[in-house]
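File shown here: target-v6.txt, holding compact mmCIF, C-alpha atoms.
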```txt
# COMPACT_ATOMS: atom_id res chain seq x y z
CA MET C 1 32.07 43.49 39.41
CA ALA C 2 32.81 43.51 35.69
CA ASP C 3 29.95 43.00 33.26
CA THR C 4 30.40 39.61 31.61
CA THR C 5 27.27 39.79 29.43
CA PHE C 6 29.31 39.93 26.25
CA GLY C 7 32.31 37.91 27.39
CA PRO C 8 35.81 39.10 28.26
CA ARG C 9 36.11 41.24 25.12
CA GLY C 10 32.87 43.06 25.87
CA TRP C 11 30.50 44.29 23.18
CA THR C 12 32.05 44.84 19.75
CA PRO C 13 30.55 45.76 16.36
CA GLU C 14 31.06 42.15 15.32
CA ARG C 15 27.69 41.53 16.99
CA LEU C 16 25.90 43.72 14.47
CA GLY C 17 23.81 42.10 11.78
CA ASP C 18 22.30 43.60 8.66
CA LEU C 19 20.79 47.01 9.44
CA SER C 20 19.24 47.57 6.02
CA GLY C 21 15.94 49.43 6.31
CA LYS C 22 16.86 51.08 9.61
CA THR C 23 17.45 54.82 10.01
CA TYR C 24 19.59 56.48 12.66
CA VAL C 25 19.71 60.20 13.40
CA ILE C 26 22.93 61.34 15.07
CA THR C 27 23.85 64.77 16.41
CA GLY C 28 27.47 65.93 16.08
CA ALA C 29 28.47 63.31 13.51
CA SER C 30 31.03 65.15 11.38
CA SER C 31 33.96 64.00 13.57
CA GLY C 32 34.91 61.99 16.63
CA THR C 33 32.67 59.30 18.04
CA GLY C 34 29.65 60.55 16.10
CA PHE C 35 31.50 60.13 12.81
CA GLN C 36 32.73 56.68 13.82
CA ALA C 37 29.23 55.61 14.88
CA THR C 38 27.92 56.80 11.52
CA ARG C 39 30.63 54.84 9.75
CA ILE C 40 29.86 51.62 11.65
CA LEU C 41 26.11 51.87 11.07
CA LEU C 42 26.52 52.65 7.38
CA SER C 43 28.85 49.68 6.98
CA ARG C 44 25.95 47.44 8.04
CA GLY C 45 23.55 48.93 5.51
CA ALA C 46 21.71 51.48 7.67
CA ARG C 47 20.65 54.95 6.65
CA VAL C 48 22.17 57.72 8.76
CA VAL C 49 21.05 61.34 8.98
CA MET C 50 23.65 63.59 10.58
CA LEU C 51 22.59 66.74 12.44
CA ASN C 52 25.70 68.93 12.43
CA ARG C 53 26.52 72.59 12.89
CA SER C 54 29.05 72.95 10.05
CA PRO C 55 28.02 72.33 6.42
CA GLU C 56 31.66 72.28 5.33
CA LYS C 57 32.69 69.62 7.85
CA SER C 58 29.56 67.65 7.06
CA ARG C 59 30.28 67.59 3.34
CA ALA C 60 33.86 66.51 4.04
CA ALA C 61 32.61 63.75 6.34
CA ILE C 62 30.15 62.49 3.72
CA ASP C 63 32.86 62.51 1.06
CA ALA C 64 35.15 60.49 3.33
CA LEU C 65 32.41 57.98 4.15
CA LYS C 66 31.44 57.48 0.52
CA LYS C 67 35.09 57.12 -0.47
CA GLU C 68 35.50 54.34 2.08
CA LEU C 69 32.10 52.63 1.85
CA GLY C 70 31.05 53.42 -1.72
CA ASP C 71 28.63 55.86 -3.29
CA GLY C 72 25.74 53.71 -2.15
CA ALA C 73 26.31 54.67 1.50
CA ASP C 74 22.98 56.22 2.52
CA VAL C 75 24.10 59.23 4.54
CA ALA C 76 22.58 62.71 4.63
CA PHE C 77 23.13 65.95 6.52
CA ILE C 78 20.78 68.52 8.03
CA ARG C 79 22.26 71.64 9.55
CA MET C 80 21.55 72.13 13.23
CA ASP C 81 23.18 74.26 15.91
CA LEU C 82 22.22 72.97 19.35
CA ALA C 83 23.11 76.35 20.82
CA SER C 84 20.16 77.88 18.95
CA LEU C 85 16.62 76.78 19.75
CA ALA C 86 15.46 78.27 16.45
CA SER C 87 18.01 76.12 14.62
CA VAL C 88 16.87 73.04 16.54
CA ARG C 89 13.25 73.70 15.59
CA ALA C 90 14.14 74.18 11.94
CA ALA C 91 16.24 71.00 11.87
CA ALA C 92 13.52 68.98 13.58
CA ALA C 93 10.98 70.20 11.04
CA GLU C 94 13.28 69.10 8.22
CA VAL C 95 13.79 65.70 9.85
CA LEU C 96 10.04 65.21 10.15
CA ARG C 97 9.62 66.19 6.50
CA THR C 98 12.34 63.93 5.10
CA VAL C 99 12.87 61.05 7.56
CA PRO C 100 9.83 58.77 7.76
CA ARG C 101 11.24 56.52 10.50
CA ILE C 102 13.77 56.91 13.31
CA ASP C 103 15.09 53.67 14.76
CA ALA C 104 17.32 55.63 17.13
CA LEU C 105 18.04 59.27 17.83
CA ILE C 106 21.60 59.33 19.14
CA ASN C 107 22.29 62.45 21.23
CA ASN C 108 26.03 62.51 20.63
CA ALA C 109 27.02 66.16 20.15
CA ALA C 110 28.58 68.11 23.01
CA ILE C 111 30.91 70.92 23.91
CA ALA C 112 33.24 70.68 26.90
CA GLN C 113 35.41 72.70 29.27
CA VAL C 114 34.60 76.08 27.72
CA PRO C 115 37.28 78.20 29.45
CA THR C 116 35.29 81.40 30.00
CA ARG C 117 31.57 81.72 30.62
CA GLN C 118 29.61 82.14 27.40
CA LEU C 119 25.90 82.30 26.65
CA THR C 120 23.92 80.84 23.79
CA GLU C 121 21.74 83.09 21.67
CA ASP C 122 18.82 82.11 23.92
CA GLY C 123 20.69 83.20 27.05
CA PHE C 124 21.76 79.82 28.46
CA GLU C 125 25.23 79.02 29.76
CA SER C 126 26.83 77.53 26.66
CA GLN C 127 27.50 73.99 27.88
CA LEU C 128 24.10 73.52 29.51
CA GLY C 129 22.39 75.19 26.56
CA THR C 130 24.14 73.06 23.95
CA ASN C 131 24.43 69.71 25.69
CA HIS C 132 21.11 69.65 27.54
CA PHE C 133 18.54 72.25 26.48
CA GLY C 134 19.18 71.87 22.75
CA HIS C 135 18.89 68.10 22.94
CA PHE C 136 15.86 68.28 25.26
CA LEU C 137 13.96 70.30 22.67
CA LEU C 138 15.11 68.10 19.77
CA ASN C 139 13.95 64.93 21.50
CA GLY C 140 10.61 66.49 22.35
CA LEU C 141 10.02 67.57 18.76
CA LEU C 142 10.98 64.18 17.30
CA PHE C 143 9.49 61.95 19.98
CA GLU C 144 6.29 61.03 18.18
CA ARG C 145 8.23 59.96 15.08
CA ILE C 146 10.52 57.83 17.26
CA GLU C 147 7.52 56.30 19.02
CA GLU C 148 5.79 55.54 15.72
CA SER C 149 8.99 53.71 14.69
CA ARG C 150 9.22 51.89 18.04
CA GLY C 151 12.68 53.37 18.17
CA ARG C 152 15.19 54.43 20.78
CA ILE C 153 16.60 57.56 22.34
CA VAL C 154 20.30 57.19 23.10
CA VAL C 155 21.93 59.78 25.36
CA VAL C 156 25.72 59.93 25.19
CA ALA C 157 26.70 61.02 28.68
CA SER C 158 30.08 61.40 30.35
CA LEU C 159 31.83 60.23 33.48
CA GLY C 160 32.05 63.94 34.18
CA TYR C 161 28.61 63.62 35.75
CA ASN C 162 30.47 62.47 38.88
CA LEU C 163 32.43 65.71 39.15
CA GLY C 164 31.32 69.16 40.23
CA LEU C 165 28.22 69.54 42.36
CA ARG C 166 26.67 66.14 41.56
CA THR C 167 23.32 67.92 41.35
CA ILE C 168 21.69 70.77 39.43
CA ASN C 169 22.42 74.34 40.52
CA PHE C 170 18.86 75.62 40.06
CA ASP C 171 19.66 78.87 41.90
CA ASP C 172 22.22 79.83 39.24
CA LEU C 173 21.78 77.63 36.16
CA ASN C 174 23.75 80.04 33.99
CA TRP C 175 26.69 80.34 36.40
CA GLU C 176 26.54 84.09 36.81
CA ARG C 177 28.56 83.49 39.97
CA GLY C 178 31.62 81.28 40.27
CA TYR C 179 31.78 79.86 36.74
CA ARG C 180 34.22 76.96 36.41
CA PRO C 181 34.59 75.08 33.11
CA ASN C 182 34.60 71.55 34.55
CA THR C 183 31.76 72.19 37.00
CA ALA C 184 29.55 73.65 34.28
CA TYR C 185 30.37 70.75 31.96
CA SER C 186 29.64 68.22 34.70
CA GLN C 187 26.23 69.79 35.34
CA SER C 188 25.37 69.72 31.64
CA LYS C 189 26.14 66.02 31.32
CA LEU C 190 24.33 65.18 34.56
CA ALA C 191 21.33 67.09 33.20
CA GLN C 192 21.37 64.93 30.06
CA MET C 193 21.34 61.77 32.15
CA MET C 194 18.56 63.06 34.37
CA PHE C 195 16.52 63.89 31.28
CA ALA C 196 16.88 60.29 30.09
CA TYR C 197 16.03 58.67 33.41
CA GLU C 198 13.08 60.99 34.04
CA LEU C 199 11.78 60.25 30.54
CA GLN C 200 12.01 56.54 31.35
CA ASP C 201 9.86 57.10 34.41
CA ARG C 202 7.29 59.19 32.55
CA LEU C 203 6.93 56.68 29.76
CA ALA C 204 6.55 53.83 32.23
CA ALA C 205 3.90 55.73 34.21
CA ALA C 206 1.97 56.44 31.01
CA GLY C 207 2.22 52.83 29.84
CA ARG C 208 4.03 53.87 26.69
CA THR C 209 6.49 51.06 26.11
CA GLY C 210 7.31 51.64 22.45
CA VAL C 211 10.41 53.76 23.05
CA GLN C 212 13.57 52.67 24.84
CA VAL C 213 15.62 55.42 26.50
CA LEU C 214 19.24 54.38 26.94
CA VAL C 215 22.34 56.05 28.39
CA CYS C 216 26.00 55.38 27.63
CA HIS C 217 29.36 57.11 27.75
CA PRO C 218 32.44 56.84 25.51
CA GLY C 219 35.04 56.62 28.26
CA SER C 220 38.27 58.41 27.51
CA SER C 221 38.42 58.67 23.73
CA ALA C 222 40.70 60.55 21.36
CA THR C 223 38.28 63.05 19.86
CA SER C 224 38.37 66.79 19.21
CA LEU C 225 35.89 67.54 22.01
CA ILE C 226 38.38 69.15 24.39
CA SER C 227 40.82 70.38 21.75
CA THR C 228 38.13 72.51 20.11
CA SER C 229 36.73 74.23 23.19
CA GLY C 230 39.02 73.77 26.20
CA SER C 231 41.58 76.25 27.51
CA ARG C 232 45.19 76.10 26.33
CA MET C 233 46.29 74.32 29.51
CA THR C 234 43.38 71.84 29.29
CA ARG C 235 44.21 71.13 25.65
CA LEU C 236 47.86 70.53 26.51
CA ALA C 237 47.01 68.19 29.38
CA TRP C 238 44.60 66.28 27.15
CA TRP C 239 47.18 66.01 24.34
CA LEU C 240 49.68 64.50 26.77
CA MET C 241 47.05 62.11 28.10
CA THR C 242 46.26 60.86 24.57
CA LYS C 243 49.82 59.50 24.42
CA THR C 244 49.05 57.08 27.27
CA PRO C 245 47.02 53.84 27.46
CA LEU C 246 44.34 55.80 29.35
CA VAL C 247 42.88 57.08 26.09
CA GLN C 248 41.35 54.87 23.42
CA SER C 249 40.50 55.57 19.77
CA ALA C 250 37.42 57.50 18.71
CA GLU C 251 36.21 54.34 16.99
CA ARG C 252 36.20 52.39 20.25
CA GLY C 253 34.60 55.38 21.93
CA ALA C 254 31.71 55.02 19.48
CA TRP C 255 30.99 51.41 20.38
CA PRO C 256 28.79 52.16 23.43
CA GLU C 257 26.43 54.41 21.47
CA VAL C 258 26.20 51.94 18.59
CA MET C 259 25.51 49.17 21.09
CA ARG C 260 22.78 51.17 22.80
CA ALA C 261 21.22 52.00 19.41
CA THR C 262 21.14 48.39 18.18
CA GLU C 263 21.60 45.70 20.83
CA GLU C 264 18.55 43.99 22.32
CA GLY C 265 18.01 43.17 25.97
CA LEU C 266 19.99 45.99 27.57
CA GLU C 267 18.79 47.47 30.85
CA GLN C 268 17.43 51.00 30.60
CA ARG C 269 18.16 52.27 34.13
CA ALA C 270 21.88 51.77 33.68
CA LEU C 271 25.05 53.33 32.28
CA TYR C 272 27.00 51.41 29.64
CA GLY C 273 30.52 52.14 28.44
CA PRO C 274 34.11 50.94 28.92
CA THR C 275 34.49 48.71 31.98
CA GLY C 276 38.27 48.72 32.38
CA PHE C 277 40.49 51.05 34.39
CA MET C 278 38.26 53.70 36.03
CA GLN C 279 35.73 53.00 33.27
CA MET C 280 37.88 55.08 30.94
CA VAL C 281 38.95 52.28 28.59
CA GLY C 282 38.43 48.56 28.18
CA PRO C 283 35.66 46.14 27.20
CA VAL C 284 32.25 47.71 26.64
CA GLY C 285 29.50 46.65 29.01
CA ARG C 286 27.41 47.81 31.94
CA GLY C 287 29.30 50.02 34.36
CA ARG C 288 28.55 51.77 37.62
CA LEU C 289 25.67 54.23 37.84
CA ASN C 290 25.79 56.45 40.88
CA PRO C 291 22.44 57.31 42.48
CA HIS C 292 22.75 61.09 42.21
CA ALA C 293 22.20 60.64 38.45
CA HIS C 294 18.58 59.65 39.11
CA ASP C 295 17.71 61.73 42.16
CA LYS C 296 13.94 61.84 41.61
CA PRO C 297 13.03 65.29 43.00
CA VAL C 298 15.91 66.87 41.07
CA MET C 299 14.96 65.06 37.85
CA GLN C 300 11.34 66.20 38.12
CA ARG C 301 12.32 69.80 38.78
CA LEU C 302 14.83 69.77 35.93
CA TRP C 303 12.16 68.52 33.53
CA ASP C 304 9.81 71.36 34.49
CA VAL C 305 12.58 73.94 34.24
CA SER C 306 13.64 72.56 30.85
CA GLU C 307 10.14 72.68 29.40
CA GLN C 308 9.83 76.31 30.44
CA ALA C 309 13.31 77.21 29.22
CA VAL C 310 12.86 75.82 25.69
CA GLY C 311 9.19 76.73 25.34
CA HIS C 312 8.03 73.21 24.58
CA ARG C 313 5.70 71.33 26.88
CA TRP C 314 6.42 67.66 26.58
CA ALA C 315 4.55 65.37 28.92
CA PRO C 316 4.76 61.74 27.78
```
Just dump the structure as structure tokens.
Amino acid sequence: MADTTFGPRGWTPERLGDLSGKTYVITGASSGTGFQATRILLSRGARVVMLNRSPEKSRAAIDALKKELGDGADVAFIRMDLASLASVRAAAAEVLRTVPRIDALINNAAIAQVPTRQLTEDGFESQLGTNHFGHFLLNGLLFERIEESRGRIVVVASLGYNLGLRTINFDDLNWERGYRPNTAYSQSKLAQMMFAYELQDRLAAAGRTGVQVLVCHPGSSATSLISTSGSRMTRLAWWLMTKTPLVQSAERGAWPEVMRATEEGLEQRALYGPTGFMQMVGPVGRGRLNPHAHDKPVMQRLWDVSEQAVGHRWAP
């Protein structure tokens, strides 16, 4: 049944009020949905700190935002490569030094459909290492600042969590055997969701209610995600798909993460995003969440494995 919470048009940025005094930290904000989310939040008076890999793309993004919104747009950039735990630690330290409050940490950055198996500098399969382990460490390092701010953690997931194994391949996390781009991507996004739902459970058990942990997905949005990392055939198929009504703009793809970062009264144990055809496009609201995304024994084991992998014990 379609979510009618926000009416037939679903949630739109028209619901946003003045966000002056609020600070949002967004990973992967130099392009795509992260850039559009930054743009929307800035347009309502918020401060945004972008955590991006490329200084050049970040400077270009800031120039474009200030050109559109004026020099008063309060946007900053800290370099961070999620594929490097050392880089994540350095970026988190800089955030803690320069950002006194975090109203939401939006885990937006991702890589997808990497055609051949690659490893991060820490030895993780690249998609799991970037999408999950890098974010897991970042959230752990910034959690106390978020809690002090009574802020939110927003995980930008993907409908890809329904593909592949629909669980975590603990026996071969790095896909030394049988690597397939889509299966590895699916596992990485499922891992992100399991992190969020397990964190919800741990916070509830500890009676720590100051932080909301919220999950969303952008649907099928015209971003550079696949075109920058997918194989030639995948890129071609995606390019053709973008010419159909099954793909929406990057701006609309950003609406779910902006909603999750700002809207009150949303359910935590849920998945929000487009609610139209196959949840790929359409009005933004609450969609279907399949139970394998919060399989409790798998979530608990993944948390333990993640703490050990990144070298950061985090037990809210």
Which distance in Å separates atom CA of C:Ala309 and atom CA of C:Ile168, to one decimal?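 Spanning atom CA of C:Ala309 to atom CA of C:Ile168 is a straight-line distance of 14.7 Å.
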Using 6 Å as the limit and counting only C-alpha atoms, can you tabulate each residue of stretch 149-169 of chain C that touches stretch 185-192 of chain C, with its shortest atom-to-atom distance in Å and the two atoms involved, as a tab-separated table?
```
residue	atom	partner	partner_atom	distance
C:Ala157	CA	C:Lys189	CA	5.7
C:Gly160	CA	C:Ser186	CA	4.9
C:Tyr161	CA	C:Leu190	CA	4.7
C:Leu163	CA	C:Ser186	CA	5.8
C:Gly164	CA	C:Ser186	CA	5.9
```
Spatial neighbours of stretch 289-306 of chain C, max dist 6 Å, only C-alpha atoms, sep filter under 2 positions, as a JSON list (two decimals) with C-alpha atoms, keeping the file's coordinate frame:
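Okay, out-v1.json is ready:
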```
[["chain", "number", "residue", "atom", "x", "y", "z"],
["C", 194, "MET", "CA", 18.56, 63.06, 34.37],
["C", 198, "GLU", "CA", 13.08, 60.99, 34.04],
["C", 271, "LEU", "CA", 25.05, 53.33, 32.28],
["C", 308, "GLN", "CA", 9.83, 76.31, 30.44],
["C", 309, "ALA", "CA", 13.31, 77.21, 29.22]]
```
Distance criterion (all atoms listed in the file): nearest to C:Arg313 out of C:Thr5, C:Leu141, C:Val258, C:Val213: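 Using all atoms listed in the file, the shortest distance to C:Arg313 belongs to C:Leu141.
Atom CA of C:Gly129 lies 12.8 Å from atom CA of C:Glu307.
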Quick one: pull the distance between atom CA of C:Ile106 and atom CA of C:Gly151, Å, one decimal.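 Pair atom CA of C:Ile106 / atom CA of C:Gly151 returns 10.8 Å.
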Need the shell around C:Val281: protein/DNA/RNA residues with any atom at most 8 Å away, counting all atoms listed in the file. Skip same-chain ones fewer than 6 positions apart. Format as a list of chain:residue names?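 Close residues of C:Val281: C:Gly219, C:Ser220, C:Leu246, C:Val247, C:Gln248, C:Pro274, C:Thr275.
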What residues have an atom no more than 12 Å from (36.4, 55.4, 17.5) in the file's own frame, counting only C-alpha atoms, and can you write them as a VMD selection string? chain C and resid 12 to 13 29 31 to 40 218 to 224 247 to 258 281
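The closest residue to C:Gly265, picked from C:Glu144, C:Gly287, C:Gln212, C:Glu121 and counting all atoms listed in the file, is C:Gln212.
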Per residue of stretch 49-69 of chain C within 12 Å of stretch 90-93 of chain C, note the shortest atom pair and the distance in Å to one decimal, counting all atoms listed in the file, and order the rows by chain and increasing residue number, as a tab-separated table.
```
residue	atom	partner	partner_atom	distance
C:Val49	CA	C:Ala91	CA	11.2
C:Met50	CA	C:Ala91	CA	10.6
C:Leu51	CA	C:Ala91	CA	7.7
C:Asn52	CA	C:Ala91	CA	9.7
C:Arg53	CA	C:Ala91	CA	10.5
```
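Counting all atoms listed in the file, the residue from C:Ile78, C:Ala184, C:Ile26, C:Met280 that sits nearest to C:Ile111 is C:Ala184.
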Emit as JSON the padded axis-aligned box for all listed atoms of stretch 60-76 of chain C, 6 Å per side, with centre and edge lengths in Å to one decimal.
```
{"center_x": 29.0, "center_y": 59.6, "center_z": 1.5, "size_x": 24.9, "size_y": 25.9, "size_z": 21.6}
```
Using only C-alpha atoms, which of the listed residues (C:Ala270, C:Thr116, C:Thr130, C:Leu142) sits closest to C:Arg97?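 With only C-alpha atoms as the atom set, the closest residue is C:Leu142.
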Find, counting all atoms listed in the file, the residue in C:Pro115, C:Thr262, C:Asp172, C:Lys57 that gets nearest to C:Asp18. C:Thr262
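Of the listed residues (C:Asp122, C:Glu264, C:Asp63, C:Asp103), C:Asp122 comes nearest to C:Val88; the distances count all atoms listed in the file.
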I'd like the neighbourhood of stretch 200-202 of chain C as a PyMOL selection string, where a residue qualifies if any of its atoms comes within 9 Å (using only C-alpha atoms), though same-chain residues fewer than 5 positions away should be ignored. chain C and resi 195+207-208+211-214+268-269+315-316
If you count all atoms listed in the file, which residues fall within 8 Å of C:Trp11, apart from same-chain ones fewer than 2 positions away, as a ChimeraX atom specification? /C:6-7,9,13,15,255,259,283-285
